[in-house]
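Student: Questions regarding the structure given below will be posed in turn.
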Amino acid sequence: MNHAIYSPRKPPFHAIHSVLSDAATGKLMRIPGHVIPIDETGIKVRQFLHQELSVSRLNDLYEHLWMVGRKSNLHPLHWQRMTKRDIVVTEDPGLHLLWYDSTIFIKPLPVYLLHHTFFTAHLCHDEGLFQEACGFLRTYALLIKYESDFRIARELGLLPECITWMQWSELAFSLAAIPLTDVNKRYHYGELRLHRLNLVHNLFRFSPWYYNIHRDYQSWFSYQLGFMLVLFAYASVIMSSMQVMLTTPLPSGEVSALCYWTHHLKIDLVASKADPLCRNTQHIEEGPTTSEADPTC
């Protein structure tokens, strides 16, 4: 993906909050935390950063993401544990904050994004990379708000080992202040439901999966069995009611009229119950919004 070049930006955090100082690392010969050398042209670094930060596939679906999640719907790590979600580490930025059932994918925070000198030299001169980096950093300010979140992040290896809680508190204060105008548009949304994203990707990109969580047909059919049974039950009720309505002559008596309108009412009730059921399921699975979960938001 080509990113336009704009006038240089400034890192979203001050140099004194940098996790690795210049005195500790000296002249940057490699990408912090990696063995990839920094060449004079910077081509290798840009290729690496595009691979590490690009969310272009989600950007292509941005106008449809309202069907997949809600804006600013992002809960801290302790809330994920409270709701019995399994936090699975991923290195794919396109899977960051995607969830299905009781699983949510989270990409670890790389140390090079917390290095002030590296951020200034290689991210502030590229508007696309700058917005992707700022959006990703901003999600961590919301994921790790309390010391309990910090402990969970350390346990899962989501944060660099060299950072302390006090260092993170000071850094997160700056990251939380990043305005939405400075972040990639994908990060206008928080957690995204993967099953709906697969459906949207199928409908508007004519491809069956955004990410396929099923690796064999057995797991796929096992997961879809409940939905298929419910769909079959609804279809059976509707079809049987329609059959009765079609075979019933025009109501000429009280008994036939009662039979006709009873089956008509049954169809209406099935249709009216389906939508609230889906809405309640969505509310239970997604949980409250950020403002509902934390009154201080």
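The chains in the structure tokens are called A, B, ... from first to last as shown; in each chain the residues are counted from 1, and the ligands are counted from 1 in the order shown.
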Skipping near chain neighbours, those fewer than 5 positions away, what residues fall within 10 Å of region 85-90 of chain A using only C-alpha atoms, listed as a count of residues only?

Tutor: 22

Student: Which parts of region 55-213 of chain A does DSSP call strand (DSSP E or B) when run on the backbone here, written out as a list in words?

Tutor: Gly69, Arg70, Lys71, Asp86, Ile87, Val88, Val89, Leu98, Trp99, Tyr100, Thr103, Ile104, Phe105, Ile106, Tyr189, Gly190, Glu191, Leu192 and Arg193 of chain A

Student: For the residues in the current selection, export C-alpha atoms as a CSV table (one decimal), in the first residue's frame.

Tutor:
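Output below, filename again-v6.csv:
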chain,number,residue,atom,x,y,z
A,69,GLY,CA,-18.9,-3.3,15.6
A,70,ARG,CA,-19.5,0.1,17.3
A,71,LYS,CA,-17.3,3.1,17.3
A,86,ASP,CA,-9.8,-15.9,26.1
A,87,ILE,CA,-7.2,-13.4,25.0
A,88,VAL,CA,-5.2,-14.9,22.0
A,89,VAL,CA,-2.0,-13.2,20.9
A,98,LEU,CA,-11.4,-9.0,16.4
A,99,TRP,CA,-13.4,-11.4,18.4
A,100,TYR,CA,-15.7,-14.4,18.1
A,103,THR,CA,-12.1,-15.4,22.1
A,104,ILE,CA,-10.5,-12.0,21.2
A,105,PHE,CA,-7.3,-11.5,19.3
A,106,ILE,CA,-4.8,-8.8,20.5
A,189,TYR,CA,-14.0,1.4,15.7
A,190,GLY,CA,-12.9,-0.8,18.6
A,191,GLU,CA,-13.7,-4.5,18.9
A,192,LEU,CA,-15.1,-6.1,15.7
A,193,ARG,CA,-17.2,-9.3,15.5

Student: What's the 10 Å shell around Lys10 (chain A), counting only C-alpha atoms, without same-chain residues fewer than 3 positions away, as a ChimeraX atom specification?

Tutor: /A:13-14,116,119-121,123-125,130

Student: Export, as a JSON list (two decimals), in the first residue's frame, the selected residues with C-alpha atoms.

Tutor:
[["chain", "number", "residue", "atom", "x", "y", "z"],
["A", 13, "PHE", "CA", 4.52, 10.92, 23.48],
["A", 14, "HIS", "CA", 7.41, 12.93, 24.88],
["A", 116, "HIS", "CA", 10.97, 8.18, 20.50],
["A", 119, "PHE", "CA", 9.26, 6.88, 15.84],
["A", 120, "THR", "CA", 10.45, 10.34, 14.79],
["A", 121, "ALA", "CA", 12.80, 9.07, 12.09],
["A", 123, "LEU", "CA", 6.98, 7.07, 11.27],
["A", 124, "CYS", "CA", 6.51, 10.81, 11.49],
["A", 125, "HIS", "CA", 7.42, 11.40, 7.83],
["A", 130, "PHE", "CA", 1.87, 7.63, 11.43]]

Student: Sorted by chain and rising residue number, list the residues of region 53-135 of chain A at most 9 Å from region 160-165 of chain A (counting only C-alpha atoms), each with its closest atom pair and distance in Å to one decimal, as a Markdown table.

Tutor:
| residue | atom | partner | partner_atom | distance |
| --- | --- | --- | --- | --- |
| A:Pro108 | CA | A:Pro160 | CA | 8.5 |
| A:Leu109 | CA | A:Pro160 | CA | 7.1 |
| A:Pro110 | CA | A:Pro160 | CA | 6.9 |
| A:Val111 | CA | A:Pro160 | CA | 6.0 |

Student: A:Thr117, A:Thr83, A:Asn212, A:Ser72: which is nearest Leu180 (chain A), counting only C-alpha atoms?

Tutor: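 Of A:Thr117, A:Thr83, A:Asn212, A:Ser72, the one nearest Leu180 (chain A) is A:Ser72, counting only C-alpha atoms.
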